[in-house]
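Read the structure below first, then the notes.
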Amino acid sequence: MATTTEKIFSEFKEHSVAEFFKKNQQMLGFSGKTRSLTTIVHEYVTNSLDACEEGGILPEVTITIEELDKEAGKYRIITEDNGPGIPEKHLGKALGQMLAGTKFHRYAQQRGQQGIGASGCTMYAQITTGKPVKVVSRYDHKRISCEITIDLKSNSPKIVNLVKEDGEFGSGLKVEAEIADAKYDKSSFGAYEYVRRTALANPHLQIALNAPDGEKAVFPRSSDKIPEKPVIVQPHPLGISTNDLIDFAHREREFIRISSFLQERFARVSPAKVDELRGLVPDLDFNKKPADLQWIEAEKLVKAIQNPAVKWIAPATDSVKPIGKEQIEKSLNNILAPQFVVVTERSPKIFKGGIPFMVEAAIAYGGGAGKKAGDIASSEVIRYANRAPLLFDNSGCAISEAVKEIDWKRYKLKNFEDEPISIFVNISSVYVPYTSAGKQAISNEEEIVQEIKNAIMEAARDLQRYLSGINREKDRHERKKAIMRYVTQLSKDLPELAGKGKSAELEKKLVHLIETKYSSQIENGEDDEESDGNGKNGKVEEEEDIDE
Ligand SMILES: Nc1ncnc2c1ncn2[C@@H]1O[C@H](COP(=O)(O)OP(=O)(O)OP(=O)(O)O)[C@@H](O)[C@H]1O
Ligand SMILES: [Mg+2]
């Protein structure tokens, strides 16, 4: 007879990563109807943009969303790009195997990383409608079309109806996914907003959305400048955790000693540094294979790396690829058509001592800026990581936190919530510290929150100047109107008092006097800047230091 232990363990089973994510769909962004649809659009659009950037192609993306069954939340989503396409050999794995892709093993600033986005969409289609995704890949004088599903048990792709054609088809990828339990809406979490925000942060992108409500939205590109290709860099030792180190070491195939692995795979590690680390971790054999590195040893190594006595040269920051001031200005003007725009340009900074990042912040005010509900505008915060919009998990995000901490009254905004203002923040980094696998919020690292605050406050000071200008202009106008009210009466009374009868002429002269006084003040910029000392230098820097 089987023992209790045997009985319990007769149930012991393995499951694949695909089965794991089937059970934990929310980790991939498939939770809630609106979010699920936005996630699908996000995964395909980020892939198209990454692929075009790598191929040096100006991206053109068209998304078509068809509503198939409102009650069941069933939609067909077709995404088509003009990127490099995917070769037949990799097509199955790219869309039908989790943790497979071209970006996972490199350390470069791209939107995707895990090799789970596209295959996650395939899984979602499969488990909600039972349908495969239909793919057409065009590249190198070929067109390959097929249908892909994932064998969830083995996490491997299944391809059917494969058709190959030779000819001149250009290049690009088209993916068609049928999903259920989803919803298209125009809320700030919906697919439309996702596309609009993507256009804002990617001025080189031409993107069109054919929405299920019949709307055909086209966001034309505002710049022909293709972003620089991502550069592959080595991570700085200060930026890695024990888990990362184990991952890197166990994946290592080329270097046979931990000492050479450390020098060759990480930035700023010299033979002298390895010797220093050797001194700090005497019980680790630096000559053994990286694959044999144990957790406890890796833990000690990371501790030694972070020991304040070990001085490191800061990492290079050339891996960080921002959008650019001019580019952001163009797209904000193009899409929001605000009355006023300011973009701050800041240098890359470093967090955790080893991870370079850069914050770009912009403020658009008036006109089409802000959230609109009929005629009423309110403020909106548009968050990005590596140009990909972050629509969800607002409350736990470093960007929202930074905006909340700013005293907006200081910048002439009495009720921040009710202002026609859009705050745009993009964080660029090879390693963006997300709060979860859903990649929708940036963790509240102190150095990051601080830098975001500084960037926004720098922009806010320009906004303040602009708003003070408007207020002064209004004041001046009111004063002029008030004086003008007395002119006619005064011009009648004055000659009477002086005993002469030339009131019409006097009135003309008085009007002229007032007109000249007020227009010359405007032209000469008199009292234009209440010199508050808030110039770009001096006090500003102090403010940042004192304030935060
Ligand atoms: N539109 C596309 N054009 C060219 N290649 C693509 C396209 N979409 C996906 N790929 C390829 O398929 C791979 C898998 O895509 P997937 O979205 O699953 O992962 P990823 O983008 O690498 O990482 P993440 O899971 O973070 O999105 C990509 O790494 C890329 O090589
Ligand atoms: Mg992806």
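Every chain in the structure tokens takes a letter, A first, then B, and so on in the order presented; its residues are numbered from 1, and the ligands are numbered from 1 following the presented order.
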Please provide the set of residues having any atom within 12 Å of Asp285 in chain A, restricted to only C-alpha atoms, with same-chain residues fewer than 6 positions apart removed, written as a PyMOL selection string.
chain A and resi 257-259+274-275+277-279+292-294+297-298+301
With a cut-off of 6 Å, could you pull out the residues of chain A touching ligand 1 and give me the nearest pair of atoms for each, distance in Å to one decimal, using only C-alpha atoms and all ligand atoms, ordered by chain and ascending number, as CSV?
residue,atom,partner,partner_atom_place_in_ligand_line,distance
A:Glu43,CA,ligand 1,17 (O),5.9
A:Asn47,CA,ligand 1,8 (N),4.4
A:Ser48,CA,ligand 1,1 (N),3.9
A:Ala51,CA,ligand 1,4 (C),4.8
A:Gly83,CA,ligand 1,3 (N),5.5
A:Pro84,CA,ligand 1,4 (C),5.7
A:Gly85,CA,ligand 1,4 (C),4.6
A:Ile86,CA,ligand 1,4 (C),5.0
A:Ala94,CA,ligand 1,12 (O),4.0
A:Ala100,CA,ligand 1,14 (C),5.9
A:Gly101,CA,ligand 1,29 (O),3.4
A:Thr102,CA,ligand 1,29 (O),3.9
A:Lys103,CA,ligand 1,22 (O),4.6
A:Gly112,CA,ligand 1,26 (O),3.3
A:Gln113,CA,ligand 1,26 (O),3.6
A:Gln114,CA,ligand 1,25 (O),3.9
A:Gly115,CA,ligand 1,19 (O),3.0
A:Ile116,CA,ligand 1,25 (O),3.5
A:Gly117,CA,ligand 1,17 (O),3.6
A:Ala118,CA,ligand 1,18 (O),3.8
A:Ser119,CA,ligand 1,18 (O),5.0
A:Leu173,CA,ligand 1,1 (N),5.2
Among range 76-176 of chain A, which ones does DSSP place in strand (DSSP E or B), written as a count of residues only?
39
Quick one: everything within 9 Å of Ser260 in chain A, counting only C-alpha atoms, minus sequence neighbours fewer than 3 positions away in the same chain. Send it as a list of chain:residue names.
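With the cut-off at 9 Å, the set is A:Phe255, A:Ile256, A:Arg257, A:Gln263, A:Glu264, A:Arg265, A:Pro271, A:Val274, A:Phe286, A:Asn287.
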CA of Ile159 in chain A to CA of Glu147 in chain A: how many Å, to one decimal?
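A separation of 5.6 Å between them.
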Please identify all polymer residues within 12 Å of Lys273 in chain A, counting only C-alpha atoms, omitting same-chain residues fewer than 4 positions from it, and present them as a PyMOL selection string.
chain A and resi 237+259-260+262-263+266-269+277-280+304-305+309-313
How would the residues just chosen look if you wrote them out with N, CA and C atoms as a PDB file, in the first residue's frame?
ATOM      1  N   PRO A 237      29.345  46.676 -12.625  1.00  0.00           N
ATOM      2  CA  PRO A 237      29.155  45.760 -11.481  1.00  0.00           C
ATOM      3  C   PRO A 237      28.238  46.323 -10.399  1.00  0.00           C
ATOM      4  N   SER A 259      37.432  34.955 -12.936  1.00  0.00           N
ATOM      5  CA  SER A 259      38.225  36.187 -13.051  1.00  0.00           C
ATOM      6  C   SER A 259      38.092  36.800 -14.453  1.00  0.00           C
ATOM      7  N   SER A 260      38.215  35.987 -15.501  1.00  0.00           N
ATOM      8  CA  SER A 260      38.124  36.558 -16.849  1.00  0.00           C
ATOM      9  C   SER A 260      36.668  36.914 -17.188  1.00  0.00           C
ATOM     10  N   LEU A 262      34.483  38.098 -15.146  1.00  0.00           N
ATOM     11  CA  LEU A 262      34.201  39.410 -14.532  1.00  0.00           C
ATOM     12  C   LEU A 262      34.811  40.539 -15.360  1.00  0.00           C
ATOM     13  N   GLN A 263      36.025  40.322 -15.826  1.00  0.00           N
ATOM     14  CA  GLN A 263      36.695  41.384 -16.589  1.00  0.00           C
ATOM     15  C   GLN A 263      36.063  41.627 -17.945  1.00  0.00           C
ATOM     16  N   PHE A 266      31.740  42.612 -17.697  1.00  0.00           N
ATOM     17  CA  PHE A 266      31.274  43.798 -16.973  1.00  0.00           C
ATOM     18  C   PHE A 266      32.156  44.996 -17.293  1.00  0.00           C
ATOM     19  N   ALA A 267      31.565  46.176 -17.202  1.00  0.00           N
ATOM     20  CA  ALA A 267      32.318  47.398 -17.488  1.00  0.00           C
ATOM     21  C   ALA A 267      33.173  47.762 -16.281  1.00  0.00           C
ATOM     22  N   ARG A 268      34.328  48.366 -16.568  1.00  0.00           N
ATOM     23  CA  ARG A 268      35.204  48.928 -15.512  1.00  0.00           C
ATOM     24  C   ARG A 268      35.824  47.902 -14.573  1.00  0.00           C
ATOM     25  N   VAL A 269      35.926  46.634 -15.003  1.00  0.00           N
ATOM     26  CA  VAL A 269      36.591  45.649 -14.147  1.00  0.00           C
ATOM     27  C   VAL A 269      37.984  45.347 -14.722  1.00  0.00           C
ATOM     28  N   LEU A 277      38.939  42.313  -5.316  1.00  0.00           N
ATOM     29  CA  LEU A 277      37.769  41.504  -4.934  1.00  0.00           C
ATOM     30  C   LEU A 277      38.217  40.166  -4.329  1.00  0.00           C
ATOM     31  N   ARG A 278      39.287  39.623  -4.914  1.00  0.00           N
ATOM     32  CA  ARG A 278      39.866  38.372  -4.398  1.00  0.00           C
ATOM     33  C   ARG A 278      40.204  38.519  -2.921  1.00  0.00           C
ATOM     34  N   GLY A 279      40.792  39.662  -2.587  1.00  0.00           N
ATOM     35  CA  GLY A 279      41.163  39.936  -1.204  1.00  0.00           C
ATOM     36  C   GLY A 279      39.948  39.982  -0.285  1.00  0.00           C
ATOM     37  N   LEU A 280      38.848  40.459  -0.826  1.00  0.00           N
ATOM     38  CA  LEU A 280      37.632  40.612  -0.016  1.00  0.00           C
ATOM     39  C   LEU A 280      36.804  39.329   0.077  1.00  0.00           C
ATOM     40  N   ALA A 304      31.104  42.489  -1.842  1.00  0.00           N
ATOM     41  CA  ALA A 304      32.461  43.033  -2.004  1.00  0.00           C
ATOM     42  C   ALA A 304      32.468  44.148  -3.040  1.00  0.00           C
ATOM     43  N   ILE A 305      31.738  43.935  -4.134  1.00  0.00           N
ATOM     44  CA  ILE A 305      31.649  44.956  -5.190  1.00  0.00           C
ATOM     45  C   ILE A 305      31.097  46.257  -4.615  1.00  0.00           C
ATOM     46  N   ALA A 309      34.948  50.640   0.273  1.00  0.00           N
ATOM     47  CA  ALA A 309      36.401  50.741   0.116  1.00  0.00           C
ATOM     48  C   ALA A 309      36.833  50.474  -1.330  1.00  0.00           C
ATOM     49  N   VAL A 310      35.975  49.783  -2.078  1.00  0.00           N
ATOM     50  CA  VAL A 310      36.311  49.505  -3.485  1.00  0.00           C
ATOM     51  C   VAL A 310      35.807  50.659  -4.338  1.00  0.00           C
ATOM     52  N   LYS A 311      36.745  51.350  -4.946  1.00  0.00           N
ATOM     53  CA  LYS A 311      36.341  52.532  -5.745  1.00  0.00           C
ATOM     54  C   LYS A 311      36.170  52.132  -7.209  1.00  0.00           C
ATOM     55  N   TRP A 312      35.052  52.495  -7.758  1.00  0.00           N
ATOM     56  CA  TRP A 312      34.770  52.151  -9.156  1.00  0.00           C
ATOM     57  C   TRP A 312      34.732  53.403 -10.024  1.00  0.00           C
ATOM     58  N   ILE A 313      35.168  53.274 -11.268  1.00  0.00           N
ATOM     59  CA  ILE A 313      34.963  54.367 -12.226  1.00  0.00           C
ATOM     60  C   ILE A 313      33.485  54.294 -12.609  1.00  0.00           C
TER      61      ILE A 313
END
With 7 Å as the cut-off and only C-alpha atoms counted, what is the closest atom pair between each nearby residue of range 310-423 of chain A and range 197-217 of chain A? Distances in Å to one decimal, ordered by chain and number, as JSON lines.
{"residue": "A:Gln327", "atom": "CA", "partner": "A:Pro203", "partner_atom": "CA", "distance": 6.3}
{"residue": "A:Ile328", "atom": "CA", "partner": "A:Ala201", "partner_atom": "CA", "distance": 6.8}
{"residue": "A:Ser331", "atom": "CA", "partner": "A:Pro203", "partner_atom": "CA", "distance": 5.4}
{"residue": "A:Leu332", "atom": "CA", "partner": "A:Leu200", "partner_atom": "CA", "distance": 6.3}
{"residue": "A:Ile335", "atom": "CA", "partner": "A:Leu200", "partner_atom": "CA", "distance": 6.9}
{"residue": "A:Arg387", "atom": "CA", "partner": "A:Ala201", "partner_atom": "CA", "distance": 5.4}
{"residue": "A:Ala388", "atom": "CA", "partner": "A:Thr198", "partner_atom": "CA", "distance": 6.3}
{"residue": "A:Pro389", "atom": "CA", "partner": "A:Arg197", "partner_atom": "CA", "distance": 6.1}
Could I get the residues of range 23-77 of chain A with an atom no further than 12 Å from an atom of range 128-135 of chain A, each paired with its nearest atom pair and that distance in Å to one decimal, using only C-alpha atoms, sorted by chain and residue number, as JSON lines?
{"residue": "A:Gln25", "atom": "CA", "partner": "A:Thr128", "partner_atom": "CA", "distance": 11.5}
{"residue": "A:Phe30", "atom": "CA", "partner": "A:Thr128", "partner_atom": "CA", "distance": 11.0}
{"residue": "A:Lys33", "atom": "CA", "partner": "A:Thr128", "partner_atom": "CA", "distance": 11.8}
{"residue": "A:Ser36", "atom": "CA", "partner": "A:Thr128", "partner_atom": "CA", "distance": 11.2}
{"residue": "A:Ile40", "atom": "CA", "partner": "A:Val133", "partner_atom": "CA", "distance": 12.0}
{"residue": "A:Leu68", "atom": "CA", "partner": "A:Thr129", "partner_atom": "CA", "distance": 11.4}
{"residue": "A:Asp69", "atom": "CA", "partner": "A:Thr129", "partner_atom": "CA", "distance": 11.4}
{"residue": "A:Ala72", "atom": "CA", "partner": "A:Thr128", "partner_atom": "CA", "distance": 9.8}
{"residue": "A:Gly73", "atom": "CA", "partner": "A:Thr128", "partner_atom": "CA", "distance": 10.0}
{"residue": "A:Lys74", "atom": "CA", "partner": "A:Thr129", "partner_atom": "CA", "distance": 8.1}
{"residue": "A:Tyr75", "atom": "CA", "partner": "A:Thr129", "partner_atom": "CA", "distance": 9.7}
{"residue": "A:Arg76", "atom": "CA", "partner": "A:Val133", "partner_atom": "CA", "distance": 10.0}
{"residue": "A:Ile77", "atom": "CA", "partner": "A:Val133", "partner_atom": "CA", "distance": 9.9}
Among range 18-253 of chain A, which ones does DSSP place in helix (DSSP H, G or I), written as number ranges by chain?
A: 18-23, 25-28, 33-55, 88-96, 117-129, 191-201, 237-239, 242-251
May I ask for the distance between CA of Cys397 in chain A and CA of Ala441 in chain A, given in Å to one decimal place?
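According to the coordinates, CA of Cys397 in chain A and CA of Ala441 in chain A are separated by 4.6 Å.
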